[in-house]
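Asks: Please find one structure pasted underneath; my questions will follow.
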Amino acid sequence: MAPILAIPPFPGARLPRFATETNTTSSSDGLLAALAGQRVGGCYWGQQPALPAAGYQLDGTASGSTGALAWPADADPWHLLAGAASVRLWAGDSRILLALAAGCPVTEVQADGRASPPDAAAIKALLHSGLTGWRWHDPFSGEAISAAQAIMLAGFWRRLIDRNRPIVAALGFAHWKQANVAPLLWNGGGSPFRRSLPASDAGTEVAVWRSRLTSAQTAALAHSAAVVLEVEDGFIRSAGLGADCVPPLSVIVDAMGVHFDPGQPSELENLLQNGEFAADMLARAAALRSAIVAGGLSKYERSAADHLPRPGGARRHVLVPGQVEDDRAVTSGGALASNLELLRRARAAAGPDVYLIYKPHPDVLAGHRRGHIEAADMVALADRVETTAPMAALIAMADELHVNSSLAGFEALLRQKPVTVHGVPFYAGWGLTTDCGPVPARRTARRTLDELVAATLLLYPRYLDPLTGLPCPAEVLIARLTTAAPSHDARASAVIALRRATGRVRAGAGRLLGRR
């Protein structure tokens with residue numbers, strides 16, 4: 001008999017071993033309650049058909065009992081059990097465990113037609129064949145885990161799938177991103193990606209990559225009853241640039257609004273304003289922060305462990321990261337309009353004695369996006385223009401950062417560096433930064449660094465394990481990025497090379513035409 005727990009068939013996933021049969025039996029204490037608490041077991045990612053009013057009999061024997069509701073093998077068992085008054089199943093059917101966990105009276109039908117509630121011996125045998133007679137494995141590390149830990153991991157996947165069930169379409173996603181994003185938006189059905197908006201009733205959702213929507217898609221959304229989910233890259237994204245067509249390994253999905261627009265609340269802002277963080281969550285946040293810092297991680301890259309020399313000697317070093325000026329994080333409101341204005345303000349605030357380092361955004365350097373500053377202006381305002389050193393290493397070397405709305409400010413907070421903010425990023429206004437921008441009055445909470453990390457990196461984004469293709473906790477992706485060198489297949493490398501060459505040509509043409 002197969003185990004009662006399985007890894008959902010996420011699109012594109014390379015499903016690793018989850019359980020192997022063993023002759024030993026582990027303790028079954030609390031396992032039924034754990035199954036019910038996490039609502040896992042059986043086809044827990046399955047369809048959720050319309051049901052009659054609560055109080056029906058659920059029949060999995062295919063006997064056609066009068067007035068009973070048949071139990072489809074591909075349906076979510078917990079959806080069916082929620083309204084069932086009683087359950088009828090063949091003896092030995094592992095779904096008996098799920099019914100018992102859900103608190104439903106069960107009739108066990110023998111091959112000869114005899115029917116009775118399962119006795120203690122039958123329940124023990126089912127627990128052995130479905131849970132305790134298996135050796136469970138962490139699919140990400142391969143290490144042994146307990147049945148209770150396997151149930152918790154299945155619950156993690158269940159919650160993701162349940163959050164995605166209302167999604168009827170995903171619009172605006174570049175083809176090269178779709179394979180990585182699909183598992184993170186999967187609702188147990190087919191691919192969510194569409195070119196046009198299907199008929200959408202109230203209560204349905206449409207996931208969008210806003211900057212790539214066509215005018216027709218935007219117009220259709222404006223007249224749709226569906227809730228729009230804003231999808232953007234996560235804060236620990238990948239080993240490589242999105243502008244180079246390196247797909248993301250994390251995304252954020254927000255039904256309230258994008259996190260970088262201070263003109264409206266977002267789910268991240270709501271977490272920071274109203275969230276409560278248990279001690280174990282804060283311990284996870286502290287450990288994750290330590291791992292990110294030790295691994296030299298930033299949004300797109302991992303830096304070597306070697307420390308950078310301080311080019312200004314004993315002078316105070318201030319790092320100013322540039323941004324993409326036509327990025328939505330800059331144009332949405334609250335941010336300075338140009339990198340040149342940021343650099344001018346940073347120099348004025350820091351004073352002439354500070355050694356000021358300006359780091360252009362990598363997408364701007366690659367020629368993909370807007371934000372170029374003329375060399376004469378950079379020389380007049382910055383002591384050094386840094387184009388090659390990794391962001392994490394620069395932050396570690398600097399004494400302070402001045403940012404517009406750059407994620408580099410958050411990465412500096414992870415490393416406990418002072419940050420002066422001239423725009424209004426998601427991490428401004430909580431008592432952790434010096435705020436020069438118009439922080440919304442609704443941000444009144446004061447947060448610790450680990451509370452900020454818990455909300456921003458543990459609770460808000462969704463992560464994909466690049467090895468298994470499975471949605472994973474944040475710690476798994478951080479471990480992957482800090483232990484494995486980035487690699488691309490030949491086709492991906494060719495795409496990246498072409499994209500970079502195209503960017504250089506576009507950038508040169510733009511400068512000749514007077515664009516910045």
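For the structure tokens, the naming scheme is as follows: chains receive sequential letters (A, B, ...) according to their order of presentation, residues are indexed from 1 within each chain, and ligands are indexed from 1 in presentation order.
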List every residue of range 324-433 of chain A that DSSP, applied to the backbone of this structure, assigns to helix (DSSP H, G or I), and report them as a VMD selection string.

Replies: chain A and resid 328 to 331 339 to 350 362 to 365 375 to 381 391 to 397 407 to 414

Asks: Which residues are near range 222-228 of chain A? Cut-off 8 Å, only C-alpha atoms, ignore same chain within fewer than 6 positions. Put them as a PyMOL selection string.

Replies: chain A and resi 200-208+255

Asks: Can you write out the residues you just picked, keeping N, CA and C atoms, as an mmCIF file, in the first residue's frame?

Replies:
data_model
loop_
_atom_site.group_PDB
_atom_site.id
_atom_site.type_symbol
_atom_site.label_atom_id
_atom_site.label_comp_id
_atom_site.auth_asym_id
_atom_site.auth_seq_id
_atom_site.Cartn_x
_atom_site.Cartn_y
_atom_site.Cartn_z
ATOM 1 N N SER A 200 -14.744 36.002 -15.373
ATOM 2 C CA SER A 200 -14.313 35.953 -13.974
ATOM 3 C C SER A 200 -15.425 36.452 -13.065
ATOM 4 N N ASP A 201 -15.863 35.594 -12.168
ATOM 5 C CA ASP A 201 -16.896 35.969 -11.212
ATOM 6 C C ASP A 201 -16.262 36.588 -9.974
ATOM 7 N N ALA A 202 -17.096 37.209 -9.154
ATOM 8 C CA ALA A 202 -16.627 37.720 -7.868
ATOM 9 C C ALA A 202 -16.063 36.555 -7.058
ATOM 10 N N GLY A 203 -14.959 36.801 -6.390
ATOM 11 C CA GLY A 203 -14.301 35.753 -5.614
ATOM 12 C C GLY A 203 -13.180 35.069 -6.355
ATOM 13 N N THR A 204 -13.105 35.256 -7.665
ATOM 14 C CA THR A 204 -11.978 34.721 -8.414
ATOM 15 C C THR A 204 -10.834 35.727 -8.408
ATOM 16 N N GLU A 205 -9.651 35.236 -8.804
ATOM 17 C CA GLU A 205 -8.459 36.082 -8.782
ATOM 18 C C GLU A 205 -7.686 35.946 -10.083
ATOM 19 N N VAL A 206 -7.028 37.021 -10.463
ATOM 20 C CA VAL A 206 -6.159 37.027 -11.641
ATOM 21 C C VAL A 206 -4.795 37.526 -11.204
ATOM 22 N N ALA A 207 -3.769 36.710 -11.397
ATOM 23 C CA ALA A 207 -2.398 37.107 -11.075
ATOM 24 C C ALA A 207 -1.812 37.839 -12.264
ATOM 25 N N VAL A 208 -1.177 38.994 -12.027
ATOM 26 C CA VAL A 208 -0.662 39.794 -13.136
ATOM 27 C C VAL A 208 0.776 40.231 -12.879
ATOM 28 N N ALA A 255 -2.574 40.767 -2.874
ATOM 29 C CA ALA A 255 -3.937 41.110 -3.287
ATOM 30 C C ALA A 255 -4.322 42.526 -2.900
#

Asks: Would you mind writing down, as a list of chain:residue names, each residue of range 164-272 of chain A that DSSP on the backbone assigns to strand (DSSP E)?

Replies: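 Put together, the selection reads A:Ile167, A:Val168, A:Ala169, A:Ala170, A:Leu171, A:Glu205, A:Val206, A:Ala207, A:Val208, A:Val227, A:Val228, A:Leu229, A:Glu230, A:Val231, A:Glu232, A:Asp233, A:Ser250, A:Val251, A:Ile252, A:Val253, A:Asp254.
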
Asks: Using only N, CA, C and O atoms, please write the residues we just selected to a file, as a PDB file, in the first residue's frame.

Replies:
ATOM      1  N   ILE A 167      -7.373  31.463  -8.233  1.00  0.00           N
ATOM      2  CA  ILE A 167      -6.738  32.026  -9.428  1.00  0.00           C
ATOM      3  C   ILE A 167      -7.311  31.372 -10.686  1.00  0.00           C
ATOM      4  O   ILE A 167      -7.263  30.144 -10.834  1.00  0.00           O
ATOM      5  N   VAL A 168      -7.845  32.184 -11.587  1.00  0.00           N
ATOM      6  CA  VAL A 168      -8.391  31.673 -12.847  1.00  0.00           C
ATOM      7  C   VAL A 168      -7.484  31.988 -14.028  1.00  0.00           C
ATOM      8  O   VAL A 168      -7.663  31.429 -15.116  1.00  0.00           O
ATOM      9  N   ALA A 169      -6.522  32.885 -13.841  1.00  0.00           N
ATOM     10  CA  ALA A 169      -5.626  33.246 -14.942  1.00  0.00           C
ATOM     11  C   ALA A 169      -4.404  33.959 -14.395  1.00  0.00           C
ATOM     12  O   ALA A 169      -4.438  34.558 -13.315  1.00  0.00           O
ATOM     13  N   ALA A 170      -3.318  33.878 -15.146  1.00  0.00           N
ATOM     14  CA  ALA A 170      -2.102  34.645 -14.869  1.00  0.00           C
ATOM     15  C   ALA A 170      -1.717  35.344 -16.167  1.00  0.00           C
ATOM     16  O   ALA A 170      -1.518  34.692 -17.194  1.00  0.00           O
ATOM     17  N   LEU A 171      -1.635  36.658 -16.122  1.00  0.00           N
ATOM     18  CA  LEU A 171      -1.422  37.475 -17.322  1.00  0.00           C
ATOM     19  C   LEU A 171      -0.124  38.276 -17.223  1.00  0.00           C
ATOM     20  O   LEU A 171       0.244  38.740 -16.140  1.00  0.00           O
ATOM     21  N   GLU A 205      -9.651  35.236  -8.804  1.00  0.00           N
ATOM     22  CA  GLU A 205      -8.459  36.082  -8.782  1.00  0.00           C
ATOM     23  C   GLU A 205      -7.686  35.946 -10.083  1.00  0.00           C
ATOM     24  O   GLU A 205      -7.690  34.875 -10.712  1.00  0.00           O
ATOM     25  N   VAL A 206      -7.028  37.021 -10.463  1.00  0.00           N
ATOM     26  CA  VAL A 206      -6.159  37.027 -11.641  1.00  0.00           C
ATOM     27  C   VAL A 206      -4.795  37.526 -11.204  1.00  0.00           C
ATOM     28  O   VAL A 206      -4.669  38.629 -10.663  1.00  0.00           O
ATOM     29  N   ALA A 207      -3.769  36.710 -11.397  1.00  0.00           N
ATOM     30  CA  ALA A 207      -2.398  37.107 -11.075  1.00  0.00           C
ATOM     31  C   ALA A 207      -1.812  37.839 -12.264  1.00  0.00           C
ATOM     32  O   ALA A 207      -1.942  37.375 -13.408  1.00  0.00           O
ATOM     33  N   VAL A 208      -1.177  38.994 -12.027  1.00  0.00           N
ATOM     34  CA  VAL A 208      -0.662  39.794 -13.136  1.00  0.00           C
ATOM     35  C   VAL A 208       0.776  40.231 -12.879  1.00  0.00           C
ATOM     36  O   VAL A 208       1.166  40.483 -11.736  1.00  0.00           O
ATOM     37  N   VAL A 227     -10.458  39.700  -8.353  1.00  0.00           N
ATOM     38  CA  VAL A 227      -9.445  40.397  -7.560  1.00  0.00           C
ATOM     39  C   VAL A 227      -8.110  40.279  -8.289  1.00  0.00           C
ATOM     40  O   VAL A 227      -7.737  39.205  -8.769  1.00  0.00           O
ATOM     41  N   VAL A 228      -7.394  41.384  -8.401  1.00  0.00           N
ATOM     42  CA  VAL A 228      -6.096  41.390  -9.069  1.00  0.00           C
ATOM     43  C   VAL A 228      -4.989  41.115  -8.055  1.00  0.00           C
ATOM     44  O   VAL A 228      -4.895  41.798  -7.025  1.00  0.00           O
ATOM     45  N   LEU A 229      -4.175  40.111  -8.339  1.00  0.00           N
ATOM     46  CA  LEU A 229      -3.008  39.798  -7.513  1.00  0.00           C
ATOM     47  C   LEU A 229      -1.774  40.344  -8.206  1.00  0.00           C
ATOM     48  O   LEU A 229      -1.452  39.940  -9.329  1.00  0.00           O
ATOM     49  N   GLU A 230      -1.096  41.270  -7.556  1.00  0.00           N
ATOM     50  CA  GLU A 230       0.150  41.819  -8.108  1.00  0.00           C
ATOM     51  C   GLU A 230       1.295  40.853  -7.813  1.00  0.00           C
ATOM     52  O   GLU A 230       1.538  40.484  -6.658  1.00  0.00           O
ATOM     53  N   VAL A 231       2.005  40.445  -8.855  1.00  0.00           N
ATOM     54  CA  VAL A 231       3.145  39.540  -8.705  1.00  0.00           C
ATOM     55  C   VAL A 231       4.411  40.293  -9.099  1.00  0.00           C
ATOM     56  O   VAL A 231       4.451  40.970 -10.130  1.00  0.00           O
ATOM     57  N   GLU A 232       5.430  40.190  -8.262  1.00  0.00           N
ATOM     58  CA  GLU A 232       6.726  40.812  -8.535  1.00  0.00           C
ATOM     59  C   GLU A 232       7.824  39.868  -8.056  1.00  0.00           C
ATOM     60  O   GLU A 232       7.574  38.916  -7.323  1.00  0.00           O
ATOM     61  N   ASP A 233       9.057  40.158  -8.458  1.00  0.00           N
ATOM     62  CA  ASP A 233      10.200  39.381  -7.981  1.00  0.00           C
ATOM     63  C   ASP A 233      10.301  39.444  -6.461  1.00  0.00           C
ATOM     64  O   ASP A 233      10.006  40.475  -5.851  1.00  0.00           O
ATOM     65  N   SER A 250      12.064  33.348  -6.433  1.00  0.00           N
ATOM     66  CA  SER A 250      11.059  33.756  -5.451  1.00  0.00           C
ATOM     67  C   SER A 250      10.220  34.870  -6.055  1.00  0.00           C
ATOM     68  O   SER A 250      10.701  35.637  -6.889  1.00  0.00           O
ATOM     69  N   VAL A 251       8.974  34.910  -5.632  1.00  0.00           N
ATOM     70  CA  VAL A 251       8.061  35.979  -6.048  1.00  0.00           C
ATOM     71  C   VAL A 251       7.246  36.407  -4.842  1.00  0.00           C
ATOM     72  O   VAL A 251       7.137  35.691  -3.841  1.00  0.00           O
ATOM     73  N   ILE A 252       6.669  37.595  -4.953  1.00  0.00           N
ATOM     74  CA  ILE A 252       5.665  38.034  -3.983  1.00  0.00           C
ATOM     75  C   ILE A 252       4.336  38.135  -4.722  1.00  0.00           C
ATOM     76  O   ILE A 252       4.284  38.477  -5.900  1.00  0.00           O
ATOM     77  N   VAL A 253       3.268  37.780  -4.029  1.00  0.00           N
ATOM     78  CA  VAL A 253       1.915  37.802  -4.593  1.00  0.00           C
ATOM     79  C   VAL A 253       1.042  38.566  -3.605  1.00  0.00           C
ATOM     80  O   VAL A 253       0.875  38.141  -2.465  1.00  0.00           O
ATOM     81  N   ASP A 254       0.509  39.705  -4.038  1.00  0.00           N
ATOM     82  CA  ASP A 254      -0.163  40.613  -3.100  1.00  0.00           C
ATOM     83  C   ASP A 254      -1.528  41.016  -3.648  1.00  0.00           C
ATOM     84  O   ASP A 254      -1.639  41.550  -4.753  1.00  0.00           O
TER      85      ASP A 254
END

Asks: What is the distance between CA of Ala91 in chain A and CA of Ala121 in chain A, in Å to one decimal?

Replies: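 So the answer is 11.9 Å.
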
Asks: Counting only C-alpha atoms, which of A:Tyr56, A:Phe260, A:Phe410, A:Phe193 gets nearest to Lys299 in chain A?

Replies: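 Of A:Tyr56, A:Phe260, A:Phe410, A:Phe193, the one nearest Lys299 in chain A is A:Phe410, counting only C-alpha atoms.
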